Amino acid sequence: MVVRQHDDDDNDEEIQLLQQPDRIVAKTPLPWDQFLIILLLQFSDQLVVEPLPRLPPKDIGVTHGDETQVGYYVGILRSSSCVTQTLTILYWSQLSDRIGRKPLILMALFAIASTTLSFGLSRSFLGLLVSRVICGAFDAQNGLVKNSLMDITDATNLPRAYSYLQISFMLSAIVGPIAGGLLSKPADRFPEIFGHSELLQTYPYLLSCAVPVICASIALQVTYFCFKETVSTRASLLDLVKQWFSSQTYAKSSTTSSNALASYGEANSEEISPTPLPLRAVLTRKVLTVAASNGALVLFDVGLYSILPIFYATPVELGGLSLDPPRIGAIFATSAFRKIFQILFFAHLHDRFGAYAILTTGLCSGIPIVVLLPVINALARAHGMGWAVWLAISLQFVLMLFLDMCFGYVNISCSRLTETSDY
């Protein structure tokens with residue numbers, strides 16, 4: 001992220017990130033031609049997570065028939081890509097400030113398509129793990145899409161842009177679970193159609209993984225031909241590599257980089273953008289506060305969405321609901337319609353109550369969401385899969401609606417940090 005230099009006035013650290021504007025200003029229209037591409041990119045990035053089968057470790061024999069070990073191995077698969085993505089995302093983001101967003105978005109789309117295809121063709125747990133690790137290391141798309149969104153918006157239309165961004169999450173939450181549940185093991189589920197396919201019998205999750213592969217391939221072509229670079233002044237990757245090899249000290253490296261960018265800007269008659277600050281200079285108290293809030297939210301959200309499908313698939317006597325993959329996919333696909341609420345009302349709620357109220361409400365909803373898990377299992381033990389269980393599941397997903405809106409607060413706070421000059 002490119003940020004402007006800051007002064008050392010300690011009083012500036014107390015600026016309220018969530019302060020509402022004192023006067024009404026005209027709202028800038030969204031650049032829909034580029035914003036629609038951003039929606040497609042966000043959809044393809046989310047889709048790679050949604051349809052990935054939760055139970056391949058069980059099918060490849062790594063659990064040796066022990067149902068209690070399924071969650072352990074699924075957790076390793078889900079967290080492996082997150083770990084490598086955490087280690088690389090900041091460096092991809094800084095590199096995008098130098099060479100532009102578009103080249104790295106194209107790289108991420110290729111990584112999504114190739115590693116998801118590899119995941120579907122894997123017959124061992126090691127193969128599944130390597131696919132997810134490589135995907136996380138090169139998939140910087142989530143951060144780059146948000147950077148691009150902030151590049152094409154301002155403070156007047158950013159809340160509306162984030163409310164529309166829920167369209168991508170909603171569609172991926174509908175298509176993903178359906179693809180993951182309905183298209184997994186197609187030779188067994190649809191023998192009259194796929195029963196004679198030796199390929200799908202050998203790789204039962206290949207068809208599920210083909211959905212995000214196709215979507216990422218389409219997004220790659222649309223991005224290459226239609227997406228406009230949002231970084232106005234950028235250096236070529238070859239120039240940066242030459243600078244890295246020729247630099248001897250940090251000072252010399254900074255001077256070389258500045259000279260290269262200056263000469264590049266003169267050659268293209270463009271204005272020179274400020275050199276990105278070192279990562280240590282960017283990590284101020286305000287930035288760390290927003291990052292810690294986002295980290296806590298993501299930890300809870302990823303943990304919850306990792307537990308829920310395992311909870312639904314685990315036998316009732318072991319604490320779950322004993323549901324099959326198609327019913328699990330249907331639950332998640334139906335619950336995705338709660339995104340409609342955010343699309344319609346998030347911007348209005350933000351303008352009326354402020355981001356802090358949205359954050360507080362969402363955080364408070366996390367406690368009953370977790371408490372409902374053993375309650376749902378107790379109802380299933382006592383009454384079976386009756387109306388009481390489905391009512392409790394519905395209540396849980398309604399509460400998750402408020403939790404989802406917390407991410408809008410975090411994203412808007414990050415945007416306002418980049419707009420202030422007093423880091």
# chains A, B, ... in the order shown; residues from 1 in each chain; ligands from 1

call {"tool": "select_by_dssp", "arguments": {"residues": "segment 289-322 of chain A", "states": "alpha helix (DSSP H)", "output": "short mmCIF file (atom, residue, chain, number, x, y, z; two decimals) with N, CA and C atoms, in the first residue's frame"}}
result
data_model
loop_
_atom_site.label_atom_id
_atom_site.label_comp_id
_atom_site.auth_asym_id
_atom_site.auth_seq_id
_atom_site.Cartn_x
_atom_site.Cartn_y
_atom_site.Cartn_z
N THR A 289 -3.93 -1.30 15.46
CA THR A 289 -5.26 -1.47 16.08
C THR A 289 -6.25 -2.03 15.07
N VAL A 290 -6.28 -1.44 13.87
CA VAL A 290 -7.18 -1.94 12.83
C VAL A 290 -6.79 -3.35 12.40
N ALA A 291 -5.48 -3.61 12.29
CA ALA A 291 -5.02 -4.94 11.90
C ALA A 291 -5.39 -5.98 12.95
N ALA A 292 -5.28 -5.62 14.23
CA ALA A 292 -5.65 -6.56 15.29
C ALA A 292 -7.15 -6.84 15.27
N SER A 293 -7.96 -5.81 15.03
CA SER A 293 -9.41 -6.01 14.94
C SER A 293 -9.75 -6.93 13.78
N ASN A 294 -9.12 -6.67 12.63
CA ASN A 294 -9.37 -7.51 11.47
C ASN A 294 -8.89 -8.94 11.71
N GLY A 295 -7.74 -9.10 12.35
CA GLY A 295 -7.22 -10.43 12.63
C GLY A 295 -8.13 -11.23 13.54
N ALA A 296 -8.67 -10.56 14.57
CA ALA A 296 -9.58 -11.26 15.48
C ALA A 296 -10.87 -11.66 14.77
N LEU A 297 -11.39 -10.77 13.93
CA LEU A 297 -12.60 -11.10 13.18
C LEU A 297 -12.38 -12.26 12.22
N VAL A 298 -11.27 -12.20 11.49
CA VAL A 298 -10.98 -13.27 10.53
C VAL A 298 -10.76 -14.60 11.25
N LEU A 299 -10.07 -14.57 12.39
CA LEU A 299 -9.85 -15.79 13.15
C LEU A 299 -11.16 -16.44 13.56
N PHE A 300 -12.08 -15.62 14.06
CA PHE A 300 -13.38 -16.15 14.47
C PHE A 300 -14.18 -16.61 13.26
N ASP A 301 -14.18 -15.81 12.19
CA ASP A 301 -14.98 -16.13 11.02
C ASP A 301 -14.50 -17.40 10.32
N VAL A 302 -13.18 -17.50 10.10
CA VAL A 302 -12.64 -18.69 9.45
C VAL A 302 -12.85 -19.92 10.32
N GLY A 303 -12.63 -19.77 11.64
CA GLY A 303 -12.87 -20.90 12.53
C GLY A 303 -14.31 -21.36 12.51
N LEU A 304 -15.24 -20.39 12.50
CA LEU A 304 -16.66 -20.74 12.49
C LEU A 304 -17.05 -21.45 11.20
N TYR A 305 -16.63 -20.90 10.06
CA TYR A 305 -17.00 -21.50 8.77
C TYR A 305 -16.25 -22.80 8.51
N SER A 306 -15.18 -23.05 9.22
CA SER A 306 -14.50 -24.35 9.11
C SER A 306 -15.19 -25.39 9.98
N ILE A 307 -15.71 -24.95 11.11
CA ILE A 307 -16.35 -25.88 12.03
C ILE A 307 -17.74 -26.28 11.56
N LEU A 308 -18.49 -25.34 10.99
CA LEU A 308 -19.89 -25.61 10.66
C LEU A 308 -20.08 -26.81 9.74
N PRO A 309 -19.37 -26.91 8.59
CA PRO A 309 -19.59 -28.10 7.74
C PRO A 309 -19.19 -29.40 8.42
N ILE A 310 -18.14 -29.35 9.26
CA ILE A 310 -17.76 -30.56 9.99
C ILE A 310 -18.82 -30.88 11.03
N PHE A 311 -19.35 -29.86 11.68
CA PHE A 311 -20.42 -30.05 12.67
C PHE A 311 -21.65 -30.68 12.02
N TYR A 312 -22.00 -30.22 10.82
CA TYR A 312 -23.17 -30.79 10.14
C TYR A 312 -22.95 -32.24 9.71
N ALA A 313 -21.71 -32.56 9.32
CA ALA A 313 -21.43 -33.91 8.80
C ALA A 313 -21.12 -34.93 9.89
#

call {"tool": "residues_around", "arguments": {"residues": "Leu36 of chain A", "least_positions_apart": "3", "cutoff": "12 Å", "atoms": "only C-alpha atoms", "output": "ChimeraX atom specification"}}
result
/A:30-33,39-43,145,149,152,161,164-165,167-168,219,222-223,226-227

call {"tool": "closest_residue", "arguments": {"among": "A:Tyr162, A:Tyr224, A:Phe341, A:Phe119", "to": "Tyr205 of chain A", "atoms": "only C-alpha atoms"}}
result
A:Phe119

call {"tool": "closest_residue", "arguments": {"among": "A:Ala333, A:Leu121, A:Cys406, A:Ala108", "to": "Leu171 of chain A", "atoms": "only C-alpha atoms"}}
result
A:Ala333

call {"tool": "atom_distance", "arguments": {"atom1": "atom CA of Gly180 of chain A", "atom2": "atom CA of Thr116 of chain A"}}
result
12.6 Å

call {"tool": "residues_around", "arguments": {"residues": "Val389 of chain A", "least_positions_apart": "6", "cutoff": "10 Å", "atoms": "only C-alpha atoms", "output": "mmCIF file with N, CA and C atoms, in the first residue's frame"}}
result
data_model
loop_
_atom_site.group_PDB
_atom_site.id
_atom_site.type_symbol
_atom_site.label_atom_id
_atom_site.label_comp_id
_atom_site.auth_asym_id
_atom_site.auth_seq_id
_atom_site.Cartn_x
_atom_site.Cartn_y
_atom_site.Cartn_z
ATOM 1 N N LEU A 321 -24.658 -33.370 13.383
ATOM 2 C CA LEU A 321 -26.040 -33.518 12.926
ATOM 3 C C LEU A 321 -26.224 -34.636 11.909
ATOM 4 N N VAL A 375 -26.410 -26.425 21.620
ATOM 5 C CA VAL A 375 -27.870 -26.421 21.748
ATOM 6 C C VAL A 375 -28.511 -27.157 20.577
ATOM 7 N N ILE A 376 -28.016 -26.916 19.372
ATOM 8 C CA ILE A 376 -28.549 -27.593 18.182
ATOM 9 C C ILE A 376 -28.329 -29.093 18.280
ATOM 10 N N ASN A 377 -27.147 -29.508 18.720
ATOM 11 C CA ASN A 377 -26.886 -30.935 18.867
ATOM 12 C C ASN A 377 -27.784 -31.558 19.933
ATOM 13 N N ALA A 378 -28.012 -30.846 21.028
ATOM 14 C CA ALA A 378 -28.896 -31.358 22.077
ATOM 15 C C ALA A 378 -30.324 -31.519 21.555
ATOM 16 N N LEU A 379 -30.786 -30.582 20.750
ATOM 17 C CA LEU A 379 -32.120 -30.696 20.164
ATOM 18 C C LEU A 379 -32.201 -31.872 19.204
ATOM 19 N N ALA A 380 -31.118 -32.105 18.437
ATOM 20 C CA ALA A 380 -31.107 -33.239 17.510
ATOM 21 C C ALA A 380 -31.105 -34.562 18.263
ATOM 22 N N ARG A 381 -30.414 -34.632 19.398
ATOM 23 C CA ARG A 381 -30.421 -35.850 20.198
ATOM 24 C C ARG A 381 -31.798 -36.126 20.796
ATOM 25 N N HIS A 383 -34.925 -34.658 19.835
ATOM 26 C CA HIS A 383 -36.105 -34.646 18.968
ATOM 27 C C HIS A 383 -35.810 -35.036 17.526
ATOM 28 N N LEU A 395 -31.773 -19.307 13.209
ATOM 29 C CA LEU A 395 -31.415 -18.230 14.128
ATOM 30 C C LEU A 395 -29.908 -17.992 14.114
#

call {"tool": "residues_around", "arguments": {"residues": "segment 75-86 of chain A", "least_positions_apart": "5", "cutoff": "8 Å", "atoms": "only C-alpha atoms", "output": "PyMOL selection string"}}
result
chain A and resi 128-129+132-140+306

call {"tool": "residues_around", "arguments": {"residues": "segment 354-365 of chain A", "least_positions_apart": "5", "cutoff": "8 Å", "atoms": "only C-alpha atoms", "output": "list in words"}}
result
Leu18, Gln20, Leu349, Leu399, Met400, Phe402, Leu403, Asp404, Met405, Cys406 and Tyr409 of chain A

call {"tool": "write_last_selection", "arguments": {"atoms": "N, CA, C and O atoms", "output": "mmCIF file, in the first residue's frame"}}
result
data_model
loop_
_atom_site.group_PDB
_atom_site.id
_atom_site.type_symbol
_atom_site.label_atom_id
_atom_site.label_comp_id
_atom_site.auth_asym_id
_atom_site.auth_seq_id
_atom_site.Cartn_x
_atom_site.Cartn_y
_atom_site.Cartn_z
ATOM 1 N N LEU A 18 -13.321 6.551 12.822
ATOM 2 C CA LEU A 18 -14.711 6.325 12.447
ATOM 3 C C LEU A 18 -15.545 7.588 12.538
ATOM 4 O O LEU A 18 -16.759 7.532 12.574
ATOM 5 N N GLN A 20 -17.699 10.683 11.648
ATOM 6 C CA GLN A 20 -18.578 10.960 10.546
ATOM 7 C C GLN A 20 -18.327 12.377 10.044
ATOM 8 O O GLN A 20 -18.011 13.280 10.811
ATOM 9 N N LEU A 349 -27.209 1.906 6.954
ATOM 10 C CA LEU A 349 -26.912 1.725 8.371
ATOM 11 C C LEU A 349 -25.608 2.423 8.751
ATOM 12 O O LEU A 349 -25.500 2.997 9.849
ATOM 13 N N LEU A 399 -27.935 -14.396 13.083
ATOM 14 C CA LEU A 399 -26.916 -13.727 13.896
ATOM 15 C C LEU A 399 -25.617 -13.547 13.122
ATOM 16 O O LEU A 399 -24.905 -12.545 13.302
ATOM 17 N N MET A 400 -25.307 -14.494 12.243
ATOM 18 C CA MET A 400 -24.086 -14.381 11.449
ATOM 19 C C MET A 400 -24.169 -13.228 10.450
ATOM 20 O O MET A 400 -23.144 -12.739 9.967
ATOM 21 N N PHE A 402 -25.107 -10.181 11.185
ATOM 22 C CA PHE A 402 -24.513 -9.032 11.868
ATOM 23 C C PHE A 402 -22.996 -9.176 11.982
ATOM 24 O O PHE A 402 -22.262 -8.187 11.928
ATOM 25 N N LEU A 403 -22.538 -10.412 12.141
ATOM 26 C CA LEU A 403 -21.092 -10.641 12.201
ATOM 27 C C LEU A 403 -20.436 -10.296 10.872
ATOM 28 O O LEU A 403 -19.347 -9.713 10.844
ATOM 29 N N ASP A 404 -21.082 -10.640 9.767
ATOM 30 C CA ASP A 404 -20.515 -10.360 8.452
ATOM 31 C C ASP A 404 -20.322 -8.860 8.219
ATOM 32 O O ASP A 404 -19.386 -8.444 7.534
ATOM 33 N N MET A 405 -21.216 -8.050 8.758
ATOM 34 C CA MET A 405 -21.126 -6.610 8.518
ATOM 35 C C MET A 405 -19.921 -5.976 9.210
ATOM 36 O O MET A 405 -19.544 -4.843 8.899
ATOM 37 N N CYS A 406 -19.314 -6.679 10.168
ATOM 38 C CA CYS A 406 -18.124 -6.136 10.833
ATOM 39 C C CYS A 406 -16.977 -5.924 9.851
ATOM 40 O O CYS A 406 -16.155 -5.023 10.029
ATOM 41 N N TYR A 409 -16.786 -2.520 8.375
ATOM 42 C CA TYR A 409 -16.151 -1.545 9.268
ATOM 43 C C TYR A 409 -14.639 -1.580 9.122
ATOM 44 O O TYR A 409 -13.970 -0.539 9.015
#

call {"tool": "residues_around", "arguments": {"residues": "Ala26 of chain A", "least_positions_apart": "6", "cutoff": "12 Å", "atoms": "only C-alpha atoms", "output": "PDB file with all heavy atoms, in the first residue's frame"}}
result
ATOM      1  N   ASP A 154     -13.670   6.825  -3.444  1.00  0.00           N
ATOM      2  CA  ASP A 154     -13.271   7.817  -2.448  1.00  0.00           C
ATOM      3  C   ASP A 154     -14.171   7.667  -1.228  1.00  0.00           C
ATOM      4  O   ASP A 154     -14.978   6.731  -1.140  1.00  0.00           O
ATOM      5  CB  ASP A 154     -13.331   9.242  -3.013  1.00  0.00           C
ATOM      6  CG  ASP A 154     -14.695   9.587  -3.599  1.00  0.00           C
ATOM      7  OD1 ASP A 154     -15.717   9.111  -3.057  1.00  0.00           O
ATOM      8  OD2 ASP A 154     -14.754  10.328  -4.597  1.00  0.00           O
ATOM      9  N   ALA A 155     -14.051   8.588  -0.284  1.00  0.00           N
ATOM     10  CA  ALA A 155     -14.788   8.473   0.976  1.00  0.00           C
ATOM     11  C   ALA A 155     -16.299   8.570   0.781  1.00  0.00           C
ATOM     12  O   ALA A 155     -17.061   8.079   1.613  1.00  0.00           O
ATOM     13  CB  ALA A 155     -14.323   9.553   1.956  1.00  0.00           C
ATOM     14  N   THR A 156     -16.758   9.185  -0.316  1.00  0.00           N
ATOM     15  CA  THR A 156     -18.195   9.376  -0.502  1.00  0.00           C
ATOM     16  C   THR A 156     -18.897   8.142  -1.048  1.00  0.00           C
ATOM     17  O   THR A 156     -20.089   7.935  -0.779  1.00  0.00           O
ATOM     18  CB  THR A 156     -18.450  10.554  -1.461  1.00  0.00           C
ATOM     19  OG1 THR A 156     -17.915  10.245  -2.768  1.00  0.00           O
ATOM     20  CG2 THR A 156     -17.801  11.827  -0.931  1.00  0.00           C
ATOM     21  N   ASN A 157     -18.209   7.326  -1.821  1.00  0.00           N
ATOM     22  CA  ASN A 157     -18.872   6.155  -2.417  1.00  0.00           C
ATOM     23  C   ASN A 157     -18.311   4.823  -1.945  1.00  0.00           C
ATOM     24  O   ASN A 157     -18.762   3.766  -2.394  1.00  0.00           O
ATOM     25  CB  ASN A 157     -18.795   6.219  -3.948  1.00  0.00           C
ATOM     26  CG  ASN A 157     -17.370   6.301  -4.467  1.00  0.00           C
ATOM     27  OD1 ASN A 157     -16.407   6.133  -3.720  1.00  0.00           O
ATOM     28  ND2 ASN A 157     -17.220   6.576  -5.756  1.00  0.00           N
TER      29      ASN A 157
END

call {"tool": "atom_distance", "arguments": {"atom1": "atom CA of Asp45 of chain A", "atom2": "atom CA of Leu106 of chain A"}}
result
11.9 Å

call {"tool": "atom_distance", "arguments": {"atom1": "atom CA of Ala388 of chain A", "atom2": "atom CA of Gly320 of chain A"}}
result
15.1 Å

call {"tool": "decode", "arguments": {"residues": "segment 165-179 of chain A", "atoms": "all heavy atoms", "output": "tab-separated table (two decimals), in the first residue's frame"}}
result
chain	number	residue	atom	x	y	z
A	165	LEU	N	-20.27	-5.03	-2.87
A	165	LEU	CA	-19.28	-6.11	-2.91
A	165	LEU	C	-19.85	-7.40	-2.33
A	165	LEU	O	-19.37	-8.50	-2.64
A	165	LEU	CB	-18.02	-5.69	-2.14
A	165	LEU	CG	-16.73	-6.45	-2.43
A	165	LEU	CD1	-16.31	-6.25	-3.88
A	165	LEU	CD2	-15.62	-5.99	-1.50
A	166	GLN	N	-20.90	-7.27	-1.52
A	166	GLN	CA	-21.53	-8.46	-0.95
A	166	GLN	C	-22.19	-9.32	-2.01
A	166	GLN	O	-22.50	-10.50	-1.77
A	166	GLN	CB	-22.56	-8.05	0.10
A	166	GLN	CG	-21.98	-7.28	1.28
A	166	GLN	CD	-20.88	-8.06	1.97
A	166	GLN	OE1	-21.00	-9.26	2.21
A	166	GLN	NE2	-19.80	-7.36	2.29
A	167	ILE	N	-22.44	-8.75	-3.20
A	167	ILE	CA	-23.00	-9.55	-4.29
A	167	ILE	C	-22.06	-10.70	-4.63
A	167	ILE	O	-22.51	-11.85	-4.85
A	167	ILE	CB	-23.25	-8.67	-5.53
A	167	ILE	CG1	-24.30	-7.60	-5.21
A	167	ILE	CG2	-23.68	-9.50	-6.72
A	167	ILE	CD1	-24.51	-6.61	-6.34
A	168	SER	N	-20.77	-10.42	-4.66
A	168	SER	CA	-19.80	-11.47	-4.97
A	168	SER	C	-19.78	-12.54	-3.89
A	168	SER	O	-19.74	-13.74	-4.19
A	168	SER	CB	-18.40	-10.85	-5.11
A	168	SER	OG	-18.35	-9.93	-6.16
A	169	PHE	N	-19.81	-12.11	-2.61
A	169	PHE	CA	-19.82	-13.08	-1.52
A	169	PHE	C	-21.09	-13.92	-1.55
A	169	PHE	O	-21.05	-15.12	-1.28
A	169	PHE	CB	-19.69	-12.35	-0.18
A	169	PHE	CG	-18.35	-11.73	0.06
A	169	PHE	CD1	-18.13	-10.39	-0.20
A	169	PHE	CD2	-17.30	-12.49	0.52
A	169	PHE	CE1	-16.90	-9.81	0.02
A	169	PHE	CE2	-16.05	-11.93	0.73
A	169	PHE	CZ	-15.85	-10.59	0.48
A	170	MET	N	-22.22	-13.28	-1.87
A	170	MET	CA	-23.49	-14.01	-1.90
A	170	MET	C	-23.48	-15.06	-3.01
A	170	MET	O	-23.85	-16.23	-2.78
A	170	MET	CB	-24.64	-13.04	-2.11
A	170	MET	CG	-26.01	-13.71	-2.13
A	170	MET	SD	-27.34	-12.55	-2.51
A	170	MET	CE	-26.99	-12.20	-4.23
A	171	LEU	N	-23.05	-14.67	-4.21
A	171	LEU	CA	-23.05	-15.62	-5.32
A	171	LEU	C	-22.08	-16.76	-5.08
A	171	LEU	O	-22.38	-17.92	-5.38
A	171	LEU	CB	-22.69	-14.88	-6.61
A	171	LEU	CG	-23.72	-13.87	-7.12
A	171	LEU	CD1	-23.22	-13.17	-8.38
A	171	LEU	CD2	-25.06	-14.54	-7.38
A	172	SER	N	-20.90	-16.45	-4.53
A	172	SER	CA	-19.94	-17.52	-4.24
A	172	SER	C	-20.45	-18.44	-3.14
A	172	SER	O	-20.20	-19.65	-3.18
A	172	SER	CB	-18.59	-16.93	-3.85
A	172	SER	OG	-18.68	-16.17	-2.65
A	173	ALA	N	-21.17	-17.87	-2.17
A	173	ALA	CA	-21.72	-18.70	-1.10
A	173	ALA	C	-22.88	-19.55	-1.57
A	173	ALA	O	-23.24	-20.53	-0.91
A	173	ALA	CB	-22.17	-17.80	0.06
A	174	ILE	N	-23.49	-19.19	-2.69
A	174	ILE	CA	-24.56	-20.00	-3.27
A	174	ILE	C	-23.98	-21.06	-4.20
A	174	ILE	O	-24.27	-22.26	-4.08
A	174	ILE	CB	-25.57	-19.12	-4.04
A	174	ILE	CG1	-26.31	-18.20	-3.07
A	174	ILE	CG2	-26.58	-19.99	-4.80
A	174	ILE	CD1	-27.21	-17.19	-3.75
A	175	VAL	N	-23.14	-20.62	-5.14
A	175	VAL	CA	-22.59	-21.53	-6.14
A	175	VAL	C	-21.59	-22.51	-5.51
A	175	VAL	O	-21.59	-23.70	-5.83
A	175	VAL	CB	-21.90	-20.73	-7.27
A	175	VAL	CG1	-21.24	-21.67	-8.27
A	175	VAL	CG2	-22.92	-19.84	-7.97
A	176	GLY	N	-20.76	-22.01	-4.58
A	176	GLY	CA	-19.73	-22.85	-3.99
A	176	GLY	C	-20.25	-24.08	-3.26
A	176	GLY	O	-19.86	-25.21	-3.59
A	177	PRO	N	-21.13	-23.92	-2.26
A	177	PRO	CA	-21.63	-25.10	-1.57
A	177	PRO	C	-22.40	-26.06	-2.48
A	177	PRO	O	-22.34	-27.28	-2.29
A	177	PRO	CB	-22.55	-24.50	-0.49
A	177	PRO	CG	-22.02	-23.14	-0.25
A	177	PRO	CD	-21.54	-22.67	-1.59
A	178	ILE	N	-23.14	-25.52	-3.45
A	178	ILE	CA	-23.86	-26.39	-4.37
A	178	ILE	C	-22.87	-27.22	-5.19
A	178	ILE	O	-23.04	-28.43	-5.37
A	178	ILE	CB	-24.78	-25.57	-5.29
A	178	ILE	CG1	-25.92	-24.95	-4.47
A	178	ILE	CG2	-25.34	-26.43	-6.41
A	178	ILE	CD1	-26.83	-24.06	-5.27
A	179	ALA	N	-21.81	-26.55	-5.68
A	179	ALA	CA	-20.80	-27.27	-6.45
A	179	ALA	C	-20.06	-28.28	-5.58
A	179	ALA	O	-19.81	-29.41	-6.01
A	179	ALA	CB	-19.81	-26.27	-7.06
